[in-house]
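Participant: If you scroll down you'll find the structure; I have some questions about it.
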Amino acid sequence: MSVELDLIIRGGELVTPGGVNRADLAVAEGRIVKIAPDIADAAAVTLDATGQMVFPGIIDAHVHFNEPGRTDWEGIATGSAALAAGGGSMFFDMPLNSEPPVLDAAAFREKRRLAEEKSCVDFALWGGLTPLNLDRLAALRDAGAIGLKAFMSHSGIDSFPRVDDRTLREGMKRAAKLGLLVAVHAEDEALAAKFTAAQRTRGKTDAAAWLASRPVEVELAAIRTATEIAGETGCALHIVHVSSPEGAALVDEARAMRVDVTAETCPHYLLLNDREVARIGAPAKCAPPIRDQKRRQALWAELRAGRIHTVGSDHSPAPAELKTSANFFENWGGIDGVQHGFQLLFSECRATAASDLPKLAAAMARNVARRFRIDGRKGILAEGMDADFCVIDFGPPRVIAAEELWTRHRMSAYVGKKCSARITDTYVRGHAVYARGRLVNLPEPGRFLRPA
Ligand SMILES: [Zn+2]
């Protein structure tokens, strides 16, 4: 009995967390049905990937597409298109800066409806954990939230207030009972306020002053608090956008004490340093801020050692008008990086050690799928899994241009950077979303996933 094959990718180098191996990959009915050195069968479509890498579809667990409510900042159609052009086959959208923020089941369902209509890739949705919605966490779980997101410092959005330690403890106690993971933006509010006031007093408002207003200790204090509460409550904790090797080390210490905690970092902390923030300006403003070169390199070491578990873009764009102030503190923060951040990491790996690509396959796909309990279907190139993958072409370095961006504002911290990796194709459940460098006009709509 033979299966009718829809697609064969021939001759590519398949990247898995275990290594890189040349093989053919066959797809039927949206699933990977066979991986073997030479698949003799014919298929409806054949793609020659000789000399290219076939990488598991990136699962970006951290994006802000801001729909509904702030679609002038981004949107699900543009955001998911940019992700697909950058090799992504799935995103998890954060509960802010959409408006209303996702604090109850009604807001959750509305965002789900919009994404089912507009996303070209698969998706899951975060719910929020704030002082406003402690009694609605069960409803968010029932609606299918992938986890709950909380801010330990001011979020910048008044409709999404931060949690103090008491609220975080109560929220995590409830989340643990509901079997929900809690993700935190880990910066200590009181310390951030103290260092910010110090810069103000000195009359400093440039990029360097902004960086100095949120030193590493602001992040470390919050990670200590969050991991302590996770230990007390037994709640699964995910520290998003860890910016420093010291932060990763704290997470590792907590894990050694049997706290159920994982660490995410973002491409910008691995690709940029503080000097570049001064040069690039507001498009490179984010919190926690980008660190010095020594820390940037040490963060790579943490990723290689497996002490950073996932990499997410924290794509968080805003219109250019919000980023024009000479006072760096007044510029809206958030990096527009969903399309090129991952490609630049591929490029960097290839330049330094190609053996790091399997580490990226773990951090960008398998570990994300495992942590968020969608690993029954996603996260790895293996028979029986959803046929989610991208094809990477390594060539001479090119300079990233604003014109190639699919995001709403075509403004990225990475414009002008050299990149030797190029995504040529992205598939979601066996359907091309991005093919030979072009977005496919009418892809299958993305599907909603909830944790198993
Ligand atoms: Zn974020």
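Each chain in the structure tokens gets a letter, A, B, ..., in the order shown, and its residues are numbered from 1; ligands are numbered from 1 in order too.
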Can you tell me which residues sit at most 7 Å away from ligand 1, counting only C-alpha atoms and all ligand atoms, written as a PyMOL selection string?
Facilitator: chain A and resi 62-64+94+314-316
Participant: Neighbours of A:Phe394 within 12 Å (only C-alpha atoms; same-chain residues fewer than 5 positions away dropped), as a PyMOL selection string?
Facilitator: chain A and resi 13+49-54+343-344+346-351+354+419-424
Participant: For the strand (DSSP E or B) assignment from backbone DSSP, which residues of stretch 329-424 of chain A qualify? Please present them as a VMD selection string.
Facilitator: chain A and resid 335 386 389 to 399 418 to 424
Participant: Could you save the residues just selected, with N, CA, C and O atoms, as a tab-separated table (two decimals), in the first residue's frame?
Facilitator:
```tsv
chain	number	residue	atom	x	y	z
A	335	ILE	N	11.20	46.26	19.68
A	335	ILE	CA	12.00	46.02	18.49
A	335	ILE	C	11.20	45.29	17.44
A	335	ILE	O	10.51	44.32	17.72
A	386	ASP	N	3.54	17.59	12.18
A	386	ASP	CA	3.08	18.57	11.20
A	386	ASP	C	4.24	18.96	10.28
A	386	ASP	O	5.38	19.13	10.75
A	389	PHE	N	8.20	23.65	8.22
A	389	PHE	CA	9.64	23.83	8.07
A	389	PHE	C	9.95	25.02	7.18
A	389	PHE	O	9.06	25.54	6.49
A	390	CYS	N	11.19	25.46	7.23
A	390	CYS	CA	11.64	26.48	6.30
A	390	CYS	C	12.92	26.01	5.63
A	390	CYS	O	13.58	25.10	6.13
A	391	VAL	N	13.20	26.60	4.49
A	391	VAL	CA	14.41	26.27	3.74
A	391	VAL	C	15.35	27.48	3.82
A	391	VAL	O	14.93	28.61	3.55
A	392	ILE	N	16.58	27.22	4.25
A	392	ILE	CA	17.56	28.30	4.42
A	392	ILE	C	18.65	28.17	3.37
A	392	ILE	O	19.22	27.09	3.18
A	393	ASP	N	18.92	29.28	2.71
A	393	ASP	CA	19.97	29.32	1.71
A	393	ASP	C	21.11	30.17	2.27
A	393	ASP	O	20.89	31.30	2.68
A	394	PHE	N	22.30	29.59	2.32
A	394	PHE	CA	23.45	30.37	2.77
A	394	PHE	C	24.24	30.82	1.55
A	394	PHE	O	24.58	30.02	0.69
A	395	GLY	N	24.48	32.11	1.47
A	395	GLY	CA	25.21	32.63	0.31
A	395	GLY	C	26.11	33.76	0.75
A	395	GLY	O	26.35	33.94	1.94
A	396	PRO	N	26.59	34.54	-0.21
A	396	PRO	CA	27.39	35.70	0.16
A	396	PRO	C	26.54	36.68	0.98
A	396	PRO	O	25.34	36.76	0.76
A	397	PRO	N	27.15	37.40	1.90
A	397	PRO	CA	26.36	38.32	2.72
A	397	PRO	C	25.66	39.39	1.89
A	397	PRO	O	26.22	39.88	0.91
A	398	ARG	N	24.43	39.71	2.28
A	398	ARG	CA	23.70	40.82	1.66
A	398	ARG	C	23.38	41.80	2.76
A	398	ARG	O	23.42	41.45	3.95
A	399	VAL	N	23.06	43.02	2.38
A	399	VAL	CA	22.70	44.02	3.38
A	399	VAL	C	21.17	44.05	3.48
A	399	VAL	O	20.49	44.18	2.46
A	418	LYS	N	24.49	43.01	7.82
A	418	LYS	CA	24.84	42.01	6.81
A	418	LYS	C	24.34	40.64	7.23
A	418	LYS	O	24.45	40.28	8.41
A	419	CYS	N	23.79	39.90	6.28
A	419	CYS	CA	23.21	38.60	6.59
A	419	CYS	C	23.54	37.61	5.48
A	419	CYS	O	23.32	37.91	4.31
A	420	SER	N	24.09	36.46	5.84
A	420	SER	CA	24.44	35.49	4.80
A	420	SER	C	23.40	34.37	4.71
A	420	SER	O	23.53	33.47	3.89
A	421	ALA	N	22.37	34.43	5.54
A	421	ALA	CA	21.29	33.42	5.47
A	421	ALA	C	20.06	34.06	4.86
A	421	ALA	O	19.75	35.22	5.13
A	422	ARG	N	19.38	33.30	4.01
A	422	ARG	CA	18.16	33.80	3.40
A	422	ARG	C	17.11	32.69	3.45
A	422	ARG	O	17.40	31.55	3.08
A	423	ILE	N	15.93	33.02	3.94
A	423	ILE	CA	14.84	32.05	3.93
A	423	ILE	C	14.25	32.06	2.51
A	423	ILE	O	13.88	33.13	2.01
A	424	THR	N	14.19	30.89	1.89
A	424	THR	CA	13.60	30.86	0.54
A	424	THR	C	12.18	30.31	0.57
A	424	THR	O	11.36	30.68	-0.28
```
Participant: Have a look at atom CA of A:Leu220 and atom CA of A:Asp188 and let me know their distance in Å, one decimal.
Facilitator: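 Taking atom CA of A:Leu220 and atom CA of A:Asp188, their separation equals 8.1 Å.
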Participant: Using only C-alpha atoms, pick whichever of A:Thr233, A:Thr227, A:Thr196, A:Thr324 has the shortest atom-to-atom distance to A:Asp252.
Facilitator: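 Checking each of A:Thr233, A:Thr227, A:Thr196, A:Thr324 against A:Asp252, counting only C-alpha atoms, the winner is A:Thr227.
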Participant: Quick one: everything within 8 Å of A:Gly127, counting only C-alpha atoms, minus sequence neighbours fewer than 2 positions away in the same chain. Send it as a list in words.
Facilitator: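 The neighbour list is Met94, Pro95, Val102, Leu103, Asp104, Phe108, Leu125, Leu129, Leu140, Ala145, Ile146, Gly147, Leu148 and Lys149 of chain A.
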Participant: I need the residues from that last selection saved to file as a compact mmCIF listing (two decimals), in the first residue's frame (with N, CA, C and O atoms), if you can.
Facilitator:
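Written file, part-v5.txt:
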```txt
# COMPACT_ATOMS: atom_id res chain seq x y z
N MET A 94 1.11 37.91 22.33
CA MET A 94 1.04 38.39 23.71
C MET A 94 -0.29 39.11 23.96
O MET A 94 -0.89 39.66 23.04
N PRO A 95 -0.71 39.15 25.24
CA PRO A 95 -2.03 39.71 25.56
C PRO A 95 -2.09 41.23 25.47
O PRO A 95 -3.15 41.81 25.60
N VAL A 102 -5.86 40.99 26.47
CA VAL A 102 -6.55 39.71 26.66
C VAL A 102 -6.54 39.35 28.15
O VAL A 102 -5.64 38.66 28.63
N LEU A 103 -7.56 39.83 28.84
CA LEU A 103 -7.68 39.59 30.29
C LEU A 103 -8.90 38.74 30.61
O LEU A 103 -9.13 38.39 31.76
N ASP A 104 -9.70 38.42 29.61
CA ASP A 104 -10.87 37.57 29.84
C ASP A 104 -11.18 36.77 28.58
O ASP A 104 -10.57 36.97 27.52
N PHE A 108 -10.18 37.08 24.46
CA PHE A 108 -9.43 35.94 23.90
C PHE A 108 -10.12 35.44 22.64
O PHE A 108 -9.48 35.24 21.60
N LEU A 125 -2.43 31.75 21.69
CA LEU A 125 -2.61 33.07 22.28
C LEU A 125 -2.33 33.05 23.78
O LEU A 125 -2.76 32.14 24.50
N LEU A 129 -2.00 38.14 33.05
CA LEU A 129 -2.14 38.01 34.50
C LEU A 129 -1.85 39.38 35.10
O LEU A 129 -0.71 39.85 35.05
N LEU A 140 -9.73 31.87 31.00
CA LEU A 140 -8.69 31.97 29.97
C LEU A 140 -8.12 30.58 29.67
O LEU A 140 -7.83 30.25 28.52
N ALA A 145 -5.77 29.33 26.46
CA ALA A 145 -4.55 30.13 26.57
C ALA A 145 -3.31 29.23 26.65
O ALA A 145 -3.31 28.21 27.33
N ILE A 146 -2.26 29.65 25.97
CA ILE A 146 -1.00 28.89 25.96
C ILE A 146 -0.24 29.12 27.27
O ILE A 146 0.64 28.34 27.65
N GLY A 147 -0.61 30.19 27.97
CA GLY A 147 0.01 30.54 29.25
C GLY A 147 -0.48 31.92 29.63
O GLY A 147 -1.30 32.52 28.93
N LEU A 148 0.02 32.43 30.77
CA LEU A 148 -0.35 33.75 31.25
C LEU A 148 0.89 34.62 31.31
O LEU A 148 1.94 34.17 31.75
N LYS A 149 0.73 35.86 30.89
CA LYS A 149 1.87 36.78 30.90
C LYS A 149 1.64 37.87 31.93
O LYS A 149 0.55 38.43 32.00
```
Participant: Could you check which of A:Thr262, A:Asn273, A:Asn331, A:Asn367 is closest to A:Lys294, using only C-alpha atoms?
Facilitator: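 Checking each of A:Thr262, A:Asn273, A:Asn331, A:Asn367 against A:Lys294, counting only C-alpha atoms, the winner is A:Asn273.
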Participant: Residues of stretch 95-119 of chain A within 12 Å of stretch 70-82 of chain A: nearest atom pair and distance (Å, one decimal) for each, counting only C-alpha atoms, sorted by chain and number, as a tab-separated table?
Facilitator:
```
residue	atom	partner	partner_atom	distance
A:Leu96	CA	A:Arg70	CA	9.6
A:Asn97	CA	A:Arg70	CA	7.0
A:Ser98	CA	A:Arg70	CA	5.7
A:Glu99	CA	A:Arg70	CA	6.5
A:Pro100	CA	A:Arg70	CA	9.4
A:Pro101	CA	A:Arg70	CA	10.4
A:Lys111	CA	A:Ile76	CA	9.6
A:Arg112	CA	A:Ile76	CA	10.6
A:Arg113	CA	A:Ile76	CA	11.2
A:Leu114	CA	A:Ile76	CA	7.9
A:Ala115	CA	A:Ile76	CA	6.3
A:Glu116	CA	A:Ile76	CA	9.6
A:Glu117	CA	A:Ala77	CA	8.9
A:Lys118	CA	A:Ala77	CA	5.1
A:Ser119	CA	A:Ala77	CA	5.4
```
Participant: Would you mind telling me which residue in A:Lys204, A:Arg304, A:Arg136, A:His268 lies nearest to A:Arg174 when using only C-alpha atoms?
Facilitator: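 Once distances to A:Arg174 are computed over only C-alpha atoms, the minimum belongs to A:Arg136.
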Participant: Within 7 Å of stretch 275-287 of chain A, counting only C-alpha atoms, which residues show up once you throw out same-chain ones fewer than 6 positions away? Write them as a PyMOL selection string, please.
Facilitator: chain A and resi 207-208+323+328+331+333-335+412-413
Participant: Calculate how many Å separate atom CA of A:Asn327 from atom CA of A:Gly416, rounding to one decimal.
Facilitator: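 So the answer is 23.7 Å.
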Participant: Can you pull out the residues contacting A:Gly19? Cut-off 9 Å, using only C-alpha atoms, and skip same-chain residues under 6 positions away; I want them as an MDAnalysis selection string.
Facilitator: chainID A and resid 355 357:359
Participant: Show me a table, sorted first by chain and then by increasing residue number, of the residues of stretch 203-271 of chain A having an atom at most 12 Å from stretch 369-375 of chain A, each with its shortest atom pair and the distance in Å to one decimal, counting only C-alpha atoms and written as a tab-separated table.
Facilitator:
```
residue	atom	partner	partner_atom	distance
A:Ala236	CA	A:Arg371	CA	9.4
A:Leu237	CA	A:Arg371	CA	10.1
A:His238	CA	A:Arg371	CA	8.9
A:Asp260	CA	A:Arg371	CA	10.4
A:Val261	CA	A:Arg371	CA	9.8
A:Thr262	CA	A:Arg371	CA	8.3
A:Ala263	CA	A:Arg371	CA	10.6
A:Glu264	CA	A:Arg371	CA	11.0
```
Participant: Which distance in Å separates atom CA of A:Arg450 and atom CA of A:Gly144, to one decimal?
Facilitator: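 That distance, rounded to one decimal, is 5.0 Å.
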Participant: Write out as a ChimeraX atom specification all residues of stretch 258-448 of chain A that DSSP puts in alpha helix (DSSP H) for this structure's backbone.
Facilitator: /A:267-271,274-280,293-304,341-352,357-361,367-371
Participant: Might you pull out every residue within 12 Å of A:Trp300, with only C-alpha atoms counted and same-chain residues fewer than 3 positions away left off, and present them as a count of residues only?
Facilitator: 35
Participant: Considering only C-alpha atoms, can you say which of A:Arg162, A:Arg109, A:Arg169, A:His340 comes closest to A:Ala139?
Facilitator: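 Closest residue, counting only C-alpha atoms: A:Arg109.
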Participant: With only C-alpha atoms as the basis for distance, which of A:Ser153, A:Asp336, A:Gly30, A:Val240 is at the shortest distance from A:Glu444?
Facilitator: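 Checking each of A:Ser153, A:Asp336, A:Gly30, A:Val240 against A:Glu444, counting only C-alpha atoms, the winner is A:Gly30.
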